[in-house]
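Novice: One structure, as structure tokens, below. Some questions next.
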Amino acid sequence: MDMIFTGLPGLPPPGTELVTDGLGSAPGGVANIAVAMSRLGLRTGLAAPFGDDLFGSYLWRTLTEQEDVDLRWSRRVPSWSTPVTVSLAYASDRSMVTYARPAPLTADELVAVPPRAASCFVDIDRPVPHWARTVREAGGLVFADLGWDPTETWSSDVLDRLAHVDVFLPNAVEAMAYTRTATAEEALEALAARVPAVVVKQGARGAIAIDSATGERAAAPALPVEALDPTGAGDVFAAGFVYGTLAGWPLAERLRFANLCAGLSVRHHSGSLGAPCWGEIAEFGESAEVPAEVLAEYAFVVPHIPDAEIGRGADSVTRAAPTLR
């Protein structure tokens, strides 16, 4: 569960209180990427434990009824509290505080027999589950990311897990920390020696990538929009990159589309519920929000926009409100 405070001038100093005008609620964690993928029309299933508390009920209902995410591999767990992250958005960035009890079920306990899938997405801060390896053996692609290491030990064991991964998408801080390098470019080179395709996300600086399978190298700038709330933008980026990969696009176009999706998401309050739908992507293409020469770089996306979504705009999906409901 993500609880997102926006409109903050900064973090409150000790002993003080800040009053802000924005509070959003949304599915968070791995649900960020599930929602973003589903909104792009990908058939998406999620394997995760849910608490049997109020937050768990809200998340389950939102994902199934609103976002069309298949939860047949997920479980409601009695007497387990749903993890909660409070995100404090300020200065085009965010800081987070998380409460999470140890997960009562492992990934392999949730997915005994994986479905037929073109791709799957896992977090390699823990071992790659056997079902993901099964998906890969059957021809599916394994995409992976990882979160902040609260111990800040940045164990090399994590990178050893890339042997079971096809595409790795860390952010620059994490990539440099795990590879013990000084720049995002150095981290990219180090990771490219371990995994077929790697993308290093650099936030407002865009992203850089190497696809060793095709020999492609690419860099793409971020979408030039004003960021209201960057919570979950990295997950939305990843969803766009998955879509572009499955569509067979060149590496540069995959990066541009991922940046487009992430850039559109940061204009909204909330994390996962800020992910764009095709209606919003089409609407953005007809706007004058960015210069025409910038918009022209995304012309390759137009043939993929479903006809039914043209003209519907961002309101074709329900988004989190600035105040908690």
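Labels used: A, B, ... for chains in the order of the structure tokens, numbers from 1 for residues in each chain, and numbers from 1 for ligands as shown.
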Would you mind listing what lies within 8 Å of stretch 193-202 of chain A as a ChimeraX atom specification, with only C-alpha atoms counted and same-chain residues fewer than 4 positions away left out?

Specialist: /A:159,162-163,165-172,175,184,188-189,206-213,234

Novice: Could the residues in this selection be saved with N, CA, C and O atoms as a CSV table (one decimal), in the first residue's frame?

Specialist:
```csv
chain,number,residue,atom,x,y,z
A,159,LEU,N,24.1,-9.8,-7.8
A,159,LEU,CA,24.5,-9.8,-9.3
A,159,LEU,C,24.7,-11.2,-9.8
A,159,LEU,O,24.5,-11.4,-11.0
A,162,LEU,N,21.8,-12.7,-11.8
A,162,LEU,CA,21.5,-12.2,-13.2
A,162,LEU,C,21.8,-13.3,-14.2
A,162,LEU,O,21.4,-13.2,-15.3
A,163,ALA,N,22.4,-14.4,-13.8
A,163,ALA,CA,22.6,-15.6,-14.6
A,163,ALA,C,21.2,-16.2,-15.1
A,163,ALA,O,21.2,-16.9,-16.1
A,165,VAL,N,18.5,-14.2,-15.7
A,165,VAL,CA,17.7,-13.0,-16.1
A,165,VAL,C,18.1,-12.6,-17.5
A,165,VAL,O,19.3,-12.7,-18.0
A,166,ASP,N,17.1,-12.1,-18.3
A,166,ASP,CA,17.4,-11.7,-19.7
A,166,ASP,C,17.5,-10.1,-19.8
A,166,ASP,O,18.3,-9.6,-20.6
A,167,VAL,N,16.8,-9.4,-18.9
A,167,VAL,CA,16.8,-7.9,-19.0
A,167,VAL,C,16.8,-7.4,-17.6
A,167,VAL,O,15.9,-7.8,-16.8
A,168,PHE,N,17.8,-6.6,-17.2
A,168,PHE,CA,17.9,-6.0,-15.9
A,168,PHE,C,17.8,-4.5,-16.0
A,168,PHE,O,18.4,-3.8,-16.8
A,169,LEU,N,16.9,-3.9,-15.1
A,169,LEU,CA,16.6,-2.5,-15.2
A,169,LEU,C,16.8,-1.8,-13.8
A,169,LEU,O,15.8,-1.3,-13.2
A,170,PRO,N,18.0,-1.6,-13.3
A,170,PRO,CA,18.2,-0.9,-12.1
A,170,PRO,C,18.3,0.6,-12.3
A,170,PRO,O,18.4,1.1,-13.4
A,171,ASN,N,18.1,1.4,-11.2
A,171,ASN,CA,18.4,2.8,-11.4
A,171,ASN,C,19.9,3.0,-11.2
A,171,ASN,O,20.7,2.1,-10.8
A,172,ALA,N,20.4,4.2,-11.5
A,172,ALA,CA,21.8,4.5,-11.5
A,172,ALA,C,22.4,4.4,-10.1
A,172,ALA,O,23.5,3.8,-10.0
A,175,ALA,N,22.7,0.6,-9.5
A,175,ALA,CA,23.7,0.0,-10.4
A,175,ALA,C,25.1,0.3,-10.0
A,175,ALA,O,26.0,-0.6,-10.0
A,184,ALA,N,27.2,6.1,-13.9
A,184,ALA,CA,26.2,5.2,-14.5
A,184,ALA,C,26.7,4.5,-15.7
A,184,ALA,O,26.4,3.3,-16.0
A,188,LEU,N,26.8,0.5,-16.3
A,188,LEU,CA,26.2,-0.2,-17.4
A,188,LEU,C,27.1,-1.2,-18.1
A,188,LEU,O,26.7,-2.3,-18.4
A,189,GLU,N,28.4,-0.8,-18.3
A,189,GLU,CA,29.3,-1.7,-18.9
A,189,GLU,C,29.6,-2.9,-18.0
A,189,GLU,O,29.6,-4.1,-18.6
A,206,GLY,N,17.1,10.7,-18.0
A,206,GLY,CA,16.8,9.7,-19.0
A,206,GLY,C,17.3,8.3,-18.7
A,206,GLY,O,17.4,7.9,-17.5
A,207,ALA,N,17.7,7.6,-19.7
A,207,ALA,CA,18.2,6.2,-19.5
A,207,ALA,C,19.2,5.8,-20.5
A,207,ALA,O,19.2,6.4,-21.6
A,208,ILE,N,20.1,4.9,-20.2
A,208,ILE,CA,21.1,4.3,-21.1
A,208,ILE,C,21.0,2.8,-21.1
A,208,ILE,O,20.5,2.2,-20.1
A,209,ALA,N,21.4,2.2,-22.2
A,209,ALA,CA,21.1,0.7,-22.3
A,209,ALA,C,22.1,0.1,-23.2
A,209,ALA,O,22.6,0.7,-24.2
A,210,ILE,N,22.3,-1.2,-23.0
A,210,ILE,CA,23.1,-2.1,-23.9
A,210,ILE,C,22.3,-3.4,-24.1
A,210,ILE,O,21.9,-4.0,-23.1
A,211,ASP,N,22.1,-3.8,-25.3
A,211,ASP,CA,21.5,-5.1,-25.7
A,211,ASP,C,22.6,-5.9,-26.3
A,211,ASP,O,22.9,-5.7,-27.5
A,212,SER,N,23.2,-6.8,-25.6
A,212,SER,CA,24.3,-7.5,-26.1
A,212,SER,C,23.9,-8.5,-27.1
A,212,SER,O,24.6,-8.9,-28.0
A,213,ALA,N,22.6,-9.0,-27.1
A,213,ALA,CA,22.1,-9.9,-28.0
A,213,ALA,C,22.0,-9.4,-29.4
A,213,ALA,O,22.3,-10.1,-30.4
A,234,GLY,N,9.9,4.6,-11.9
A,234,GLY,CA,10.8,3.5,-12.4
A,234,GLY,C,10.1,2.3,-12.8
A,234,GLY,O,10.4,1.6,-13.8
```

Novice: By how many Å are atom CA of A:Glu226 and atom CA of A:Arg267 apart?

Specialist: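 Interatomic distance here is 6.7 Å.
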
Novice: Write out as an mmCIF file with all heavy atoms, in the first residue's frame each polymer residue whose atoms come within 7 Å of A:Thr98, counting only C-alpha atoms; drop sequence neighbours fewer than 3 positions from it.

Specialist:
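Once written, out.cif looks like this:
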```
data_model
loop_
_atom_site.group_PDB
_atom_site.id
_atom_site.type_symbol
_atom_site.label_atom_id
_atom_site.label_comp_id
_atom_site.auth_asym_id
_atom_site.auth_seq_id
_atom_site.Cartn_x
_atom_site.Cartn_y
_atom_site.Cartn_z
ATOM 1 N N VAL A 84 3.152 -1.335 4.081
ATOM 2 C CA VAL A 84 2.767 0.043 3.783
ATOM 3 C C VAL A 84 4.021 0.881 3.575
ATOM 4 O O VAL A 84 4.975 0.791 4.355
ATOM 5 C CB VAL A 84 1.929 0.658 4.916
ATOM 6 C CG1 VAL A 84 1.588 2.120 4.603
ATOM 7 C CG2 VAL A 84 0.656 -0.143 5.141
ATOM 8 N N THR A 85 4.018 1.681 2.512
ATOM 9 C CA THR A 85 5.087 2.654 2.269
ATOM 10 C C THR A 85 4.485 4.050 2.249
ATOM 11 O O THR A 85 3.494 4.299 1.551
ATOM 12 C CB THR A 85 5.802 2.385 0.934
ATOM 13 O OG1 THR A 85 6.549 1.179 1.033
ATOM 14 C CG2 THR A 85 6.762 3.526 0.592
ATOM 15 N N VAL A 86 5.071 4.953 3.024
ATOM 16 C CA VAL A 86 4.717 6.362 2.977
ATOM 17 C C VAL A 86 5.766 7.066 2.118
ATOM 18 O O VAL A 86 6.966 6.966 2.381
ATOM 19 C CB VAL A 86 4.683 6.984 4.386
ATOM 20 C CG1 VAL A 86 4.474 8.500 4.292
ATOM 21 C CG2 VAL A 86 3.574 6.352 5.212
#
```

Novice: Pick from A:Ala26, A:Gly15, A:Ala103, A:Thr44: nearest to A:Val242, with only C-alpha atoms counted?

Specialist: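 Ranking A:Ala26, A:Gly15, A:Ala103, A:Thr44 by distance to A:Val242, first place goes to A:Thr44.
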
Novice: Could you tell me which of A:Thr231, A:Ser38, A:Ser119, A:Ser155 comes closest to A:Arg133 if we count only C-alpha atoms?

Specialist: A:Ser119
